[in-house]
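Structure file final_3.txt (compact mmCIF, C-alpha atoms) is printed below.
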# COMPACT_ATOMS: atom_id res chain seq x y z
CA MET A 25 -39.04 -15.67 -11.93
CA ASN A 26 -36.18 -16.19 -9.55
CA VAL A 27 -32.41 -15.71 -9.55
CA LEU A 28 -29.78 -17.70 -7.66
CA ILE A 29 -26.51 -15.98 -6.74
CA THR A 30 -23.46 -17.74 -5.30
CA SER A 31 -20.61 -15.53 -4.14
CA PRO A 32 -17.23 -16.27 -2.54
CA SER A 33 -15.98 -15.33 0.87
CA ARG A 34 -12.75 -13.34 1.08
CA LEU A 35 -9.71 -12.98 3.27
CA HIS A 36 -8.56 -9.40 3.76
CA PHE A 37 -4.83 -9.66 4.33
CA ALA A 38 -4.01 -6.04 5.21
CA LEU A 39 -4.74 -2.37 4.69
CA ILE A 40 -1.65 -0.73 3.20
CA ASP A 41 -1.63 3.01 3.93
CA LEU A 42 -3.48 4.46 6.89
CA ASN A 43 -1.11 7.40 7.07
CA GLY A 44 -2.32 9.49 4.13
CA LYS A 45 0.51 12.03 3.92
CA LEU A 46 1.03 11.35 0.21
CA GLY A 47 -2.59 12.24 -0.56
CA ARG A 48 -3.93 8.71 -0.73
CA VAL A 49 -5.25 6.36 1.94
CA ASP A 50 -6.38 2.75 2.47
CA GLY A 51 -5.28 0.34 -0.26
CA GLY A 52 -5.44 -3.34 0.49
CA ILE A 53 -4.66 -6.90 -0.51
CA GLY A 54 -6.79 -10.00 -0.20
CA VAL A 55 -8.08 -13.13 -1.88
CA ALA A 56 -11.44 -14.68 -2.77
CA LEU A 57 -12.13 -18.19 -1.42
CA ASN A 58 -14.32 -20.97 -2.76
CA LYS A 59 -15.32 -22.00 0.77
CA PRO A 60 -17.21 -20.87 2.67
CA SER A 61 -19.58 -19.26 0.17
CA LEU A 62 -22.89 -17.41 0.18
CA LYS A 63 -25.91 -18.56 -1.79
CA ILE A 64 -29.19 -16.66 -2.06
CA GLU A 65 -32.39 -16.88 -4.05
CA VAL A 66 -34.23 -13.70 -4.98
CA SER A 67 -37.74 -13.71 -6.45
CA VAL A 68 -40.57 -11.29 -7.11
CA ALA A 69 -42.86 -10.84 -4.07
CA ASP A 70 -46.48 -9.74 -3.72
CA LYS A 71 -45.87 -7.69 -0.56
CA PRO A 72 -43.29 -5.06 0.41
CA VAL A 73 -40.09 -6.50 1.83
CA GLU A 74 -40.94 -5.23 5.31
CA GLU A 75 -43.88 -7.64 5.38
CA GLU A 76 -41.89 -10.61 4.18
CA ALA A 77 -39.83 -13.02 6.23
CA ASN A 78 -36.58 -11.26 5.47
CA THR A 79 -34.02 -10.40 8.11
CA LYS A 80 -33.48 -6.81 9.19
CA GLU A 81 -30.13 -7.03 7.44
CA VAL A 82 -31.75 -7.76 4.08
CA ALA A 83 -34.43 -5.11 4.67
CA HIS A 84 -31.66 -2.55 5.22
CA ILE A 85 -30.05 -3.52 1.90
CA PHE A 86 -33.39 -3.04 0.14
CA GLU A 87 -33.82 0.37 1.75
CA ARG A 88 -30.47 1.50 0.38
CA ILE A 89 -31.22 0.20 -3.10
CA ARG A 90 -34.68 1.77 -3.22
CA SER A 91 -33.36 5.14 -2.03
CA ARG A 92 -30.56 5.28 -4.62
CA ILE A 93 -31.67 3.46 -7.74
CA GLU A 94 -32.96 5.49 -10.70
CA PRO A 95 -35.61 4.98 -11.92
CA GLY A 96 -37.12 3.47 -8.79
CA LEU A 97 -38.16 -0.14 -8.31
CA GLU A 98 -41.76 -0.93 -9.16
CA ARG A 99 -41.84 -4.46 -7.77
CA ASN A 100 -41.15 -6.07 -4.40
CA TYR A 101 -38.68 -8.87 -3.88
CA ARG A 102 -38.17 -11.75 -1.48
CA VAL A 103 -34.70 -12.96 -0.48
CA LYS A 104 -34.08 -16.48 0.74
CA ILE A 105 -30.61 -17.11 2.17
CA LEU A 106 -29.81 -20.69 1.22
CA ARG A 107 -26.24 -20.71 2.55
CA LYS A 108 -24.93 -18.04 4.91
CA LEU A 109 -21.51 -16.60 5.52
CA PRO A 110 -20.76 -16.05 9.22
CA ALA A 111 -21.10 -12.35 10.03
CA HIS A 112 -18.39 -10.09 11.48
CA VAL A 113 -15.64 -12.72 11.54
CA GLY A 114 -13.42 -11.34 8.75
CA LEU A 115 -14.86 -13.10 5.68
CA GLY A 116 -16.65 -10.13 4.11
CA SER A 117 -20.21 -11.37 4.66
CA GLN A 118 -21.89 -7.96 4.55
CA THR A 119 -20.37 -6.96 1.23
CA GLN A 120 -21.14 -10.31 -0.41
CA LEU A 121 -24.76 -10.31 0.77
CA SER A 122 -25.29 -6.70 -0.29
CA LEU A 123 -23.78 -7.18 -3.73
CA SER A 124 -25.62 -10.48 -4.26
CA VAL A 125 -28.99 -8.90 -3.48
CA ALA A 126 -28.25 -5.91 -5.71
CA LYS A 127 -27.05 -8.11 -8.57
CA ALA A 128 -30.12 -10.36 -8.37
CA ILE A 129 -32.47 -7.37 -8.44
CA SER A 130 -30.62 -5.87 -11.41
CA VAL A 131 -31.11 -9.15 -13.31
CA LEU A 132 -34.81 -9.35 -12.41
CA GLU A 133 -35.24 -5.68 -13.37
CA ASN A 134 -33.34 -6.26 -16.64
CA ARG A 135 -30.89 -3.46 -15.82
CA ILE A 136 -27.18 -3.56 -16.51
CA TYR A 137 -24.79 -2.37 -13.78
CA SER A 138 -21.07 -2.88 -13.27
CA VAL A 139 -20.01 -4.35 -9.94
CA VAL A 140 -18.68 -0.93 -8.90
CA GLU A 141 -22.09 0.61 -9.66
CA LEU A 142 -23.76 -2.11 -7.58
CA ALA A 143 -21.36 -1.35 -4.72
CA LYS A 144 -22.35 2.33 -4.87
CA LEU A 145 -26.02 1.35 -4.68
CA VAL A 146 -25.52 -0.65 -1.48
CA GLY A 147 -22.82 1.56 0.05
CA ARG A 148 -19.91 -0.90 0.16
CA GLY A 149 -16.23 -0.51 -0.71
CA GLY A 150 -15.63 2.82 1.01
CA THR A 151 -12.34 1.62 2.50
CA SER A 152 -11.46 -1.73 0.94
CA GLY A 153 -12.10 -2.83 -2.62
CA ILE A 154 -11.27 -6.48 -1.93
CA GLY A 155 -14.84 -7.69 -1.37
CA THR A 156 -16.18 -5.93 -4.47
CA ALA A 157 -13.37 -7.27 -6.66
CA ALA A 158 -13.76 -10.76 -5.17
CA PHE A 159 -17.44 -10.70 -6.16
CA ALA A 160 -16.55 -9.55 -9.67
CA LYS A 161 -13.66 -11.82 -10.67
CA GLY A 162 -12.11 -13.52 -7.63
CA GLY A 163 -8.42 -14.30 -7.33
CA PHE A 164 -5.73 -12.32 -5.52
CA ILE A 165 -6.50 -8.61 -5.40
CA LEU A 166 -4.63 -5.35 -4.78
CA ASP A 167 -6.64 -2.13 -4.65
CA GLY A 168 -5.31 1.42 -4.86
CA GLY A 169 -7.15 3.15 -2.03
CA HIS A 170 -8.76 6.59 -2.11
CA VAL A 171 -7.75 10.21 -2.62
CA PHE A 172 -7.25 11.77 0.82
CA ARG A 173 -8.02 15.43 1.72
CA GLU A 174 -6.59 16.94 -1.46
CA TYR A 175 -9.82 17.69 -3.33
CA GLU A 176 -12.33 18.95 -0.81
CA ALA A 177 -14.83 19.96 -3.50
CA GLU A 178 -15.15 16.32 -4.54
CA LYS A 179 -15.29 14.78 -1.08
CA GLU A 180 -18.79 13.39 -1.61
CA THR A 181 -17.74 11.48 -4.72
CA ARG A 182 -14.22 10.13 -4.39
CA THR A 183 -12.23 11.83 -1.63
CA LYS A 184 -11.90 10.75 1.98
CA THR A 185 -11.25 13.39 4.62
CA SER A 186 -10.91 11.05 7.61
CA PHE A 187 -9.94 7.49 8.45
CA LEU A 188 -13.11 5.37 8.25
CA PRO A 189 -14.07 1.73 7.67
CA SER A 190 -16.10 0.76 4.60
CA SER A 191 -19.35 0.61 6.57
CA ALA A 192 -19.06 4.30 7.53
CA SER A 193 -17.49 5.72 4.37
CA LYS A 194 -19.53 7.22 1.52
CA VAL A 195 -16.84 7.13 -1.17
CA PRO A 196 -17.04 4.55 -3.99
CA PRO A 197 -14.84 1.44 -4.19
CA PRO A 198 -11.17 2.09 -4.99
CA PRO A 199 -9.53 1.21 -8.31
CA ILE A 200 -8.20 -2.33 -8.68
CA LEU A 201 -4.49 -2.19 -9.50
CA PHE A 202 -3.80 -5.91 -9.75
CA GLN A 203 -6.05 -8.98 -9.90
CA HIS A 204 -4.67 -12.41 -10.68
CA PRO A 205 -5.66 -16.04 -10.14
CA LEU A 206 -3.79 -18.07 -7.55
CA PRO A 207 -2.65 -21.65 -8.27
CA GLU A 208 -5.27 -24.33 -7.58
CA ASN A 209 -2.95 -26.14 -5.15
CA TRP A 210 -2.47 -23.13 -2.83
CA PHE A 211 -4.76 -23.75 0.11
CA PHE A 212 -5.90 -21.65 3.05
CA VAL A 213 -6.84 -23.36 6.31
CA VAL A 214 -9.29 -21.02 8.04
CA ALA A 215 -10.06 -21.22 11.76
CA ILE A 216 -12.90 -19.19 13.27
CA PRO A 217 -12.89 -19.57 17.05
CA GLU A 218 -16.09 -18.60 18.85
CA VAL A 219 -14.65 -15.57 20.61
CA LYS A 220 -15.48 -11.89 20.36
CA ARG A 221 -16.52 -11.04 16.82
CA GLY A 222 -14.39 -8.67 14.78
CA ALA A 223 -14.97 -4.96 15.31
CA HIS A 224 -17.89 -3.50 13.38
CA GLY A 225 -20.26 -0.56 13.54
CA LEU A 226 -19.39 2.26 15.92
CA GLU A 227 -16.65 0.20 17.57
CA GLU A 228 -14.85 -0.13 14.24
CA VAL A 229 -15.17 3.61 13.57
CA GLU A 230 -13.65 4.40 16.98
CA ILE A 231 -10.71 2.07 16.37
CA PHE A 232 -9.87 3.84 13.11
CA LYS A 233 -10.04 7.21 14.88
CA ARG A 234 -7.91 6.04 17.79
CA TYR A 235 -5.06 4.35 15.95
CA CYS A 236 -4.74 6.36 12.73
CA PRO A 237 -2.62 7.76 11.23
CA ILE A 238 -0.07 4.93 11.15
CA LYS A 239 3.60 5.93 11.08
CA SER A 240 5.01 6.59 7.62
CA GLU A 241 7.93 4.25 8.21
CA GLU A 242 5.62 1.30 8.79
CA VAL A 243 3.55 2.10 5.71
CA GLU A 244 6.72 2.27 3.63
CA ARG A 245 7.75 -1.17 4.92
CA ILE A 246 4.34 -2.61 4.02
CA CYS A 247 4.52 -1.12 0.52
CA ARG A 248 7.94 -2.66 -0.04
CA ILE A 249 6.71 -6.11 1.05
CA VAL A 250 3.67 -5.87 -1.21
CA LEU A 251 5.49 -4.53 -4.28
CA MET A 252 8.77 -6.43 -4.08
CA ARG A 253 7.68 -9.71 -2.51
CA ILE A 254 3.95 -10.49 -2.70
CA LEU A 255 3.13 -9.33 -6.25
CA PRO A 256 6.14 -11.05 -7.87
CA ALA A 257 5.37 -14.19 -5.83
CA VAL A 258 1.84 -14.30 -7.26
CA LEU A 259 3.11 -13.96 -10.84
CA GLU A 260 5.96 -16.44 -10.33
CA LYS A 261 3.77 -18.89 -8.35
CA ASP A 262 6.22 -18.71 -5.45
CA ILE A 263 4.14 -19.89 -2.49
CA LEU A 264 7.05 -19.75 -0.03
CA THR A 265 7.67 -16.02 -0.52
CA PHE A 266 3.93 -15.28 -0.74
CA ALA A 267 3.13 -17.03 2.54
CA ALA A 268 6.14 -15.73 4.46
CA SER A 269 5.34 -12.19 3.35
CA LEU A 270 1.81 -12.36 4.76
CA THR A 271 3.25 -13.53 8.07
CA MET A 272 5.52 -10.47 8.06
CA LEU A 273 2.53 -8.14 7.66
CA GLN A 274 0.94 -9.32 10.93
CA LYS A 275 3.43 -7.19 12.89
CA LEU A 276 3.14 -4.03 10.83
CA GLY A 277 0.83 -1.06 10.44
CA PHE A 278 -2.90 -1.27 11.08
CA LYS A 279 -2.83 -5.07 10.88
CA LYS A 280 -0.65 -5.13 13.99
CA LYS A 281 -3.35 -3.16 15.82
CA GLU A 282 -6.11 -5.45 14.55
CA VAL A 283 -4.26 -8.49 15.88
CA GLU A 284 -3.51 -6.85 19.24
CA LEU A 285 -7.20 -6.05 19.74
CA GLN A 286 -8.30 -9.65 19.22
CA HIS A 287 -8.58 -12.54 21.67
CA ASP A 288 -5.31 -14.15 22.81
CA ILE A 289 -6.21 -17.34 20.93
CA ILE A 290 -5.32 -15.57 17.66
CA ARG A 291 -1.70 -15.18 18.68
CA GLU A 292 -1.74 -18.75 20.01
CA LEU A 293 -2.95 -19.92 16.62
CA PHE A 294 -0.11 -18.00 14.98
CA SER A 295 2.37 -19.90 17.18
CA PHE A 296 0.60 -23.18 16.40
CA PHE A 297 0.78 -22.50 12.65
CA ASP A 298 4.44 -21.39 12.65
CA PRO A 299 6.06 -24.85 12.36
CA ARG A 300 3.13 -26.43 10.50
CA ALA A 301 2.34 -23.99 7.68
CA LEU A 302 4.18 -21.82 5.16
CA GLY A 303 2.59 -18.62 6.47
CA HIS A 304 -0.32 -17.30 8.49
CA GLY A 305 -2.37 -14.25 9.40
CA MET A 306 -5.70 -12.85 10.53
CA SER A 307 -8.33 -11.63 8.09
CA SER A 308 -9.54 -8.07 8.66
CA PHE A 309 -10.50 -7.64 12.36
CA GLY A 310 -10.82 -11.41 12.78
CA PRO A 311 -11.33 -13.71 14.47
CA ALA A 312 -10.94 -15.65 11.19
CA THR A 313 -7.32 -16.78 11.17
CA TYR A 314 -5.66 -18.49 8.24
CA ALA A 315 -2.64 -20.66 7.46
CA ILE A 316 -1.22 -21.25 3.97
CA VAL A 317 -0.13 -24.68 2.74
CA GLU A 318 0.49 -26.41 -0.57
CA GLY A 319 -1.84 -29.21 -1.64
CA GLU A 320 -5.29 -30.32 -0.52
CA LYS A 321 -3.97 -33.33 1.42
CA ARG A 322 -1.80 -31.09 3.60
CA ALA A 323 -4.69 -28.64 4.05
CA LYS A 324 -7.01 -31.41 5.23
CA GLU A 325 -4.40 -32.65 7.72
CA LEU A 326 -3.72 -29.18 9.10
CA ALA A 327 -7.44 -28.44 9.41
CA ALA A 328 -7.90 -31.58 11.52
CA ASP A 329 -4.86 -30.73 13.67
CA THR A 330 -6.12 -27.16 14.14
CA LYS A 331 -9.55 -28.36 15.26
CA ALA A 332 -7.90 -30.72 17.75
CA PHE A 333 -5.73 -27.87 19.05
CA LEU A 334 -8.76 -25.63 19.62
CA ASP A 335 -10.69 -28.52 21.21
CA GLU A 336 -7.84 -28.92 23.69
CA LYS A 337 -8.25 -25.24 24.52
CA ARG A 338 -11.97 -25.94 25.07
CA LEU A 339 -12.86 -23.38 22.46
CA ARG A 340 -15.66 -24.03 20.02
CA ALA A 341 -14.56 -23.20 16.50
CA SER A 342 -15.24 -23.71 12.82
CA VAL A 343 -12.25 -24.94 10.84
CA MET A 344 -12.25 -25.38 7.07
CA TYR A 345 -9.91 -25.23 4.12
CA SER A 346 -10.21 -23.82 0.62
CA ASN A 347 -8.22 -22.79 -2.39
CA ALA A 348 -8.77 -19.46 -4.13
CA ASN A 349 -11.95 -18.68 -6.03
CA ASN A 350 -10.60 -17.44 -9.37
CA LYS A 351 -13.90 -16.62 -11.10
CA GLY A 352 -16.02 -14.51 -8.74
CA SER A 353 -19.75 -14.78 -8.20
CA GLU A 354 -22.07 -17.00 -10.21
CA ILE A 355 -25.58 -16.15 -11.38
CA LEU A 356 -28.16 -18.77 -12.24
CA VAL A 357 -31.46 -17.83 -13.90
CA PRO A 358 -33.94 -20.25 -15.51
CA GLN A 359 -32.27 -22.08 -18.42
CA THR A 360 -29.18 -19.82 -18.19
CA ARG A 361 -25.95 -19.90 -16.24
CA GLN A 362 -23.81 -16.77 -16.16
CA GLN A 363 -20.59 -15.66 -14.52
CA ASN A 364 -19.71 -12.10 -13.50
Would you kindly transcribe this structure into structure tokens?
Amino acid sequence: MNVLITSPSRLHFALIDLNGKLGRVDGGIGVALNKPSLKIEVSVADKPVEEEANTKEVAHIFERIRSRIEPGLERNYRVKILRKLPAHVGLGSQTQLSLSVAKAISVLENRIYSVVELAKLVGRGGTSGIGTAAFAKGGFILDGGHVFREYEAEKETRTKTSFLPSSASKVPPPPILFQHPLPENWFFVVAIPEVKRGAHGLEEVEIFKRYCPIKSEEVERICRIVLMRILPAVLEKDILTFAASLTMLQKLGFKKKEVELQHDIIRELFSFFDPRALGHGMSSFGPATYAIVEGEKRAKELAADTKAFLDEKRLRASVMYSNANNKGSEILVPQTRQQN
């Protein structure tokens, strides 16, 4: 028996509160994308995963699942990655792969877990809940962050006591405050120049330590943009306000630091997008950079122009376009098609 899982990529627009003085930290906004996407096949194996032709990355996911799942796994599994997401570029590849593997195993084991429970098994969502929510239902997402320092006795379950990225945080995914589909004709042109990959691992941990806490005034400005501009724009299908608001966030809070730490081509792309798109930004630590336009025809044109621009800079890059994924991951088992 085998299981096929297809999951979306995601753009992480911004972390909201890396100040924490009000007793809560993190919070974020983002969107699930149809393209690029991840597709894996998981099947029962005769040998332990360490002896199979799985990557170290997949073996690490299995180790986490085996150490945390109750009761333990009795069988071995093989993972075949049929379509990869590029790693450490700002598209959420680690979360999608981890959740996809965990979901496939849960189906093969005939166990029922929520997406949040799957995230706990694989240790994702400790800072941002965007990837977990994108896997579950897709669309535009706002998460509510984590309790910060107030309840020391519960710090192993839901409270953060320091500023940490998801990969280094042990707390579960944050609550989802708002999740809503985006119109089919809102498109994101995504450019991924082949420059230094986005911060991850120990480097990412050090960046959080160095630049946090963010000033309260900047966090307050971000909150106002999110609450009074972005959320109403999603509900009212106002692409102009939505796109312009994301551009505004690039110069505020932790996002400003993320952009400053990236290659100069990111800021050059921002300037390139300014007169050609409705808004722009960088996803997570980058280098994935996006522009927002209305209509697939315009997206295709801008993608071609963006590739030509980067070619002129003699920079290799992947450029694509996609609208929002408004349904989340898909699961295919023999004779049955399911959606999360």
Q: Find the residues with any atom within 9 Å of (-8.4, 5.6, -1.0); use only C-alpha atoms and the coordinates as given in the file, and write the answer as a list in words.
A: Asp41, Gly44, Gly47, Arg48, Val49, Asp50, Gly51, Gly150, Thr151, Ser152, Asp167, Gly168, Gly169, His170, Val171, Phe172, Arg182, Thr183, Lys184, Val195, Pro197, Pro198 and Pro199 of chain A
**Q.** Selection near A:Trp210, 12 Å with only C-alpha atoms, sequence-local residues under 6 positions removed, as a ChimeraX atom specification
**A.** /A:55,57,163-164,258,261-264,266-267,301-303,315-323,345-350
Q.
Residues within 6 Å of A:Leu62, please, as a PyMOL selection string. Count all atoms listed in the file; anything in the same chain fewer than 4 positions from it doesn't count.
A. chain A and resi 30-31+107-109
Q.
Which residues are close to A:Glu284, i.e. within 10 Å by all atoms listed in the file, leaving aside same-chain residues fewer than 5 positions away? Reply as a VMD selection string.
A. chain A and resid 274 to 275 278 to 279 290 to 291 309
Q: Just the residues within 10 Å of A:Leu259, please, counting all atoms listed in the file, with nothing from its chain fewer than 2 positions along; format it as JSON, numbers by chain.
A: {"A": [204, 205, 206, 207, 254, 255, 256, 257, 261, 262]}
Selected residues, C-alpha atoms, written as a JSON list (two decimals), in the frame of the given file, please.
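Saved result, out.json, follows:
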[["chain", "number", "residue", "atom", "x", "y", "z"],
["A", 204, "HIS", "CA", -4.67, -12.41, -10.68],
["A", 205, "PRO", "CA", -5.66, -16.04, -10.14],
["A", 206, "LEU", "CA", -3.79, -18.07, -7.55],
["A", 207, "PRO", "CA", -2.65, -21.65, -8.27],
["A", 254, "ILE", "CA", 3.95, -10.49, -2.70],
["A", 255, "LEU", "CA", 3.13, -9.33, -6.25],
["A", 256, "PRO", "CA", 6.14, -11.05, -7.87],
["A", 257, "ALA", "CA", 5.37, -14.19, -5.83],
["A", 261, "LYS", "CA", 3.77, -18.89, -8.35],
["A", 262, "ASP", "CA", 6.22, -18.71, -5.45]]
